[in-house]
Amino acid sequence: MNTITKEYDIIIIGAGTAGCACAIHAAKKGLNVAIIERKEKEKIGDKVCGDLIDYRMIDWINKYLKIKYPKKGTINKMISGMETYSPDKRSIIKTEFKGVMIDRLKFGQALIDDAIKLGCKLYSSSICKEPVIKDNFISGIKIKDAKTESVSTLRSKIVVDASGAIPALRKKIKLKDSCFESKIDKKDEAFSYREIRKLTKPLNDSETTKIFMSSKYADGGYYWYFPEKEDVMNVGIGVGRHLDTASMKKSFLNLISDDPIFEGSKVIHSGGGILPTRKHLDCLVANGFMCAGDSASQINPISGGGIAQSMMGGYMCANVSADAIKNGDVSERGLWQLNILYADRTDKEDMGFNSAMFDGGSQAASDLLKIFTQNQSDKNLNFAMKNFIKSSMLAKMSMGDTSTMPFLKKMKIIAKSITNLPLLMKFNRIVYLMSSVKNLYKIYPKTPDAFPEWKKRLDSIYEETYKVSGSGNKQQSNKNDD
Ligand SMILES: Cc1cc2nc3c(=O)[nH]c(=O)nc-3n(C[C@H](O)[C@H](O)[C@H](O)COP(=O)(O)OP(=O)(O)OC[C@H]3O[C@@H](n4cnc5c(N)ncnc54)[C@H](O)[C@@H]3O)c2cc1C
């Protein structure tokens, strides 16, 4: 049965971190906001996650969303360092990292409560089914009440899809003459499974997060140990989508039974998810429509950390929406500013970025590095971490920053890598491509007309990256390592 039609300035699908940040900021900008969420209100924020955020996000929330944070009970633990292990565990890269383990449910509840307090209308237990399209514009959505099954139509000037890694609308947006990227390749996604386990003994070092590269347990990704409390561990694996979920779970259970710290431990919470680990969407907007967060692939392609990026993505959508509505132009061209804002942060530091976040160019650079590392054998990764990847570089590199990597000019590095110079040379080429892609995002087209030409240049950098990385050769070379 169809029920009443309502009208808003902006409808946001999904009350995750992207959706809530967007809603809070849009309400503060004076917009009339509706949030559609398939979960019950009390379950908002209950998400399978590593629960780790950079400490700088606390300042970001206070500064940009202008809400008081942290709220009581939202923080489980402070983190002071990160260790990254090579597959043979002989090289450990230690980096200083001030982080926070959050209580994901309480964090989500705090955000949605703030949005509601600011006047946003929450439609909980409501599933977004399809877009309403009129005159080549998205002009609203159809939602189904999960309890009564009744269907309603909601209309708005702008719809924001912030519904996560399996987006409610993105794939259904097929408008004429649009640059919008509605589909992403499955090979760019990662599967993840994680458990929160109560250990029998307190950890020796509960302030350090650990990341392990290992094709044995996490092929095409890594596994992590993030302490939630002195005796509670958030442990998970992220793998490429060439593995099915059953194989991933099997690898995970092997990992648990092989490490004595989990002996006698009890599972408190478990589950899996998908991570869109790639560059962000080449074009984030269409007529009357925008994407934010996982739905827009706004994530760290290497670590899979996406809370910070998703909040910034949502915040930027709110800013651009407010301007477009004021200017009376919510077309793709009218919303194009979102693409420009996200692409490159130069001269835009005060528009939503902080130093823990990517701009689009850095995210793409980091994506190229991910493609390269994913295609290396354990033997090559061991070699690289032993001989030419230093602690000082790792944090920067994973943020797509190539400034510390002029490799082939350093004789010491060449001498150390003499037994595998082809690897060093390939890596050097990837570093060059990372710089090129960052420069390309600095000249992101100012209008949609120039987009196809720009996109061709982007595609050619990716093509070369796959070629240099030897995409698809990894399984073969891992076999050779045995
Ligand atoms: C296993 C795992 C571990 C992770 N660990 C970390 C970490 O430690 N640190 C970090 O920063 N990031 C981590 N991430 C990534 C991070 O969780 C995401 O990048 C981030 O939550 C994205 O936020 P979002 O708002 O875009 O999506 P989500 O948080 O997924 O929110 C989307 C919302 O939309 C709702 N929704 C979906 N479909 C519909 C529909 N049809 N109608 C209505 N509502 C709908 C969902 O119920 C959900 O509430 C991890 C991800 C996974 C899977």
# chains A, B, ... in the order shown; residues from 1 in each chain; ligands from 1
>>> residues_around(residues="segment 308-318 of chain A", least_positions_apart="4", cutoff="7 Å", atoms="only C-alpha atoms", output="list in words")
Thr17, Ala18, Gly19, Ala21, Cys22, His25, Ala26, Met57, Ala292, Gly293, Asp294, Gln298, Ile299, Ala322, Leu338, Gly352, Phe353 and Met357 of chain A
>>> write_last_selection(atoms="N, CA, C and O atoms", output="PDB file, in the first residue's frame")
ATOM      1  N   THR A  17      28.366   6.416   9.657  1.00  0.00           N
ATOM      2  CA  THR A  17      29.185   7.596   9.954  1.00  0.00           C
ATOM      3  C   THR A  17      29.075   8.654   8.849  1.00  0.00           C
ATOM      4  O   THR A  17      29.024   9.854   9.140  1.00  0.00           O
ATOM      5  N   ALA A  18      29.005   8.213   7.579  1.00  0.00           N
ATOM      6  CA  ALA A  18      28.867   9.186   6.476  1.00  0.00           C
ATOM      7  C   ALA A  18      27.521   9.888   6.567  1.00  0.00           C
ATOM      8  O   ALA A  18      27.431  11.123   6.493  1.00  0.00           O
ATOM      9  N   GLY A  19      26.460   9.098   6.731  1.00  0.00           N
ATOM     10  CA  GLY A  19      25.103   9.650   6.748  1.00  0.00           C
ATOM     11  C   GLY A  19      24.893  10.600   7.917  1.00  0.00           C
ATOM     12  O   GLY A  19      24.323  11.687   7.757  1.00  0.00           O
ATOM     13  N   ALA A  21      27.227  12.272   9.676  1.00  0.00           N
ATOM     14  CA  ALA A  21      28.024  13.503   9.526  1.00  0.00           C
ATOM     15  C   ALA A  21      27.328  14.436   8.533  1.00  0.00           C
ATOM     16  O   ALA A  21      27.244  15.650   8.751  1.00  0.00           O
ATOM     17  N   CYS A  22      26.802  13.857   7.459  1.00  0.00           N
ATOM     18  CA  CYS A  22      26.108  14.658   6.446  1.00  0.00           C
ATOM     19  C   CYS A  22      24.861  15.307   7.056  1.00  0.00           C
ATOM     20  O   CYS A  22      24.616  16.508   6.884  1.00  0.00           O
ATOM     21  N   HIS A  25      25.675  18.162   9.658  1.00  0.00           N
ATOM     22  CA  HIS A  25      26.157  19.397   9.046  1.00  0.00           C
ATOM     23  C   HIS A  25      25.066  20.055   8.190  1.00  0.00           C
ATOM     24  O   HIS A  25      24.930  21.286   8.189  1.00  0.00           O
ATOM     25  N   ALA A  26      24.279  19.232   7.494  1.00  0.00           N
ATOM     26  CA  ALA A  26      23.200  19.795   6.662  1.00  0.00           C
ATOM     27  C   ALA A  26      22.185  20.516   7.552  1.00  0.00           C
ATOM     28  O   ALA A  26      21.714  21.613   7.216  1.00  0.00           O
ATOM     29  N   MET A  57      40.626  12.505  14.796  1.00  0.00           N
ATOM     30  CA  MET A  57      39.195  12.570  14.450  1.00  0.00           C
ATOM     31  C   MET A  57      38.374  13.239  15.547  1.00  0.00           C
ATOM     32  O   MET A  57      37.317  13.807  15.299  1.00  0.00           O
ATOM     33  N   ALA A 292      28.374   9.268  -0.605  1.00  0.00           N
ATOM     34  CA  ALA A 292      29.349   9.540   0.463  1.00  0.00           C
ATOM     35  C   ALA A 292      29.705   8.246   1.182  1.00  0.00           C
ATOM     36  O   ALA A 292      28.896   7.313   1.253  1.00  0.00           O
ATOM     37  N   GLY A 293      30.927   8.204   1.726  1.00  0.00           N
ATOM     38  CA  GLY A 293      31.353   7.058   2.539  1.00  0.00           C
ATOM     39  C   GLY A 293      31.668   5.832   1.697  1.00  0.00           C
ATOM     40  O   GLY A 293      32.129   5.941   0.560  1.00  0.00           O
ATOM     41  N   ASP A 294      31.400   4.652   2.249  1.00  0.00           N
ATOM     42  CA  ASP A 294      31.714   3.406   1.536  1.00  0.00           C
ATOM     43  C   ASP A 294      30.999   3.338   0.189  1.00  0.00           C
ATOM     44  O   ASP A 294      31.509   2.759  -0.768  1.00  0.00           O
ATOM     45  N   GLN A 298      35.035   5.934  -0.363  1.00  0.00           N
ATOM     46  CA  GLN A 298      35.908   6.900   0.323  1.00  0.00           C
ATOM     47  C   GLN A 298      36.510   6.182   1.525  1.00  0.00           C
ATOM     48  O   GLN A 298      35.913   6.107   2.597  1.00  0.00           O
ATOM     49  N   ILE A 299      37.690   5.623   1.311  1.00  0.00           N
ATOM     50  CA  ILE A 299      38.277   4.701   2.285  1.00  0.00           C
ATOM     51  C   ILE A 299      39.787   4.656   2.072  1.00  0.00           C
ATOM     52  O   ILE A 299      40.261   5.043   0.999  1.00  0.00           O
ATOM     53  N   ALA A 322      24.068  22.490   0.375  1.00  0.00           N
ATOM     54  CA  ALA A 322      23.535  23.777   0.847  1.00  0.00           C
ATOM     55  C   ALA A 322      23.776  24.858  -0.211  1.00  0.00           C
ATOM     56  O   ALA A 322      22.872  25.647  -0.524  1.00  0.00           O
ATOM     57  N   LEU A 338      31.565  19.080  -5.569  1.00  0.00           N
ATOM     58  CA  LEU A 338      31.929  17.981  -4.661  1.00  0.00           C
ATOM     59  C   LEU A 338      33.125  17.204  -5.223  1.00  0.00           C
ATOM     60  O   LEU A 338      34.050  16.848  -4.490  1.00  0.00           O
ATOM     61  N   GLY A 352      37.154  20.693   5.317  1.00  0.00           N
ATOM     62  CA  GLY A 352      36.721  19.377   5.779  1.00  0.00           C
ATOM     63  C   GLY A 352      37.861  18.403   5.985  1.00  0.00           C
ATOM     64  O   GLY A 352      37.664  17.357   6.581  1.00  0.00           O
ATOM     65  N   PHE A 353      39.060  18.723   5.485  1.00  0.00           N
ATOM     66  CA  PHE A 353      40.172  17.785   5.650  1.00  0.00           C
ATOM     67  C   PHE A 353      40.845  17.984   7.008  1.00  0.00           C
ATOM     68  O   PHE A 353      40.887  19.094   7.522  1.00  0.00           O
ATOM     69  N   MET A 357      43.423  12.516   7.040  1.00  0.00           N
ATOM     70  CA  MET A 357      42.530  12.146   5.936  1.00  0.00           C
ATOM     71  C   MET A 357      43.196  12.258   4.579  1.00  0.00           C
ATOM     72  O   MET A 357      44.097  13.052   4.376  1.00  0.00           O
TER      73      MET A 357
END
>>> residues_near_ligand(ligand="ligand 1", cutoff="6 Å", atoms="only C-alpha atoms and all ligand atoms", output="PyMOL selection string")
chain A and resi 13-19+36-39+44+48-53+126-128+162-164+167-168+192-194+272-275+293-295+299+304-308+310
>>> residues_around(residues="Tyr441 of chain A", least_positions_apart="5", cutoff="10 Å", atoms="only C-alpha atoms", output="ChimeraX atom specification")
/A:339-340,342-345,359-362,364-365,436,454,458
>>> select_by_dssp(residues="segment 9-218 of chain A", states="strand (DSSP E or B)", output="VMD selection string")
chain A and resid 9 to 13 33 to 36 52 to 54 75 to 85 92 to 102 121 to 123 126 to 134 137 to 145 151 to 161 190 to 198 208 to 213
>>> residues_around(residues="Ile67 of chain A", least_positions_apart="6", cutoff="9 Å", atoms="only C-alpha atoms", output="PyMOL selection string")
chain A and resi 24+61+114
>>> write_last_selection(atoms="N, CA, C and O atoms", output="CSV table (one decimal), in the first residue's frame")
chain,number,residue,atom,x,y,z
A,24,ILE,N,24.1,15.9,10.3
A,24,ILE,CA,24.4,16.9,11.3
A,24,ILE,C,24.8,18.2,10.6
A,24,ILE,O,24.3,19.3,11.0
A,61,ILE,N,35.8,16.1,14.7
A,61,ILE,CA,34.3,16.1,15.0
A,61,ILE,C,33.9,17.4,15.8
A,61,ILE,O,32.9,18.1,15.4
A,114,ASP,N,22.6,13.2,18.1
A,114,ASP,CA,22.9,14.6,17.8
A,114,ASP,C,22.1,15.0,16.5
A,114,ASP,O,21.6,16.2,16.5
>>> residues_around(residues="Glu130 of chain A", least_positions_apart="5", cutoff="7 Å", atoms="only C-alpha atoms", output="list in words")
Ile141, Lys142 and Leu169 of chain A
>>> write_last_selection(atoms="C-alpha atoms", output="JSON list (two decimals), in the first residue's frame")
[["chain", "number", "residue", "atom", "x", "y", "z"],
["A", 141, "ILE", "CA", 13.05, 7.71, -3.23],
["A", 142, "LYS", "CA", 10.63, 4.93, -2.43],
["A", 169, "LEU", "CA", 20.87, 3.25, -4.91]]
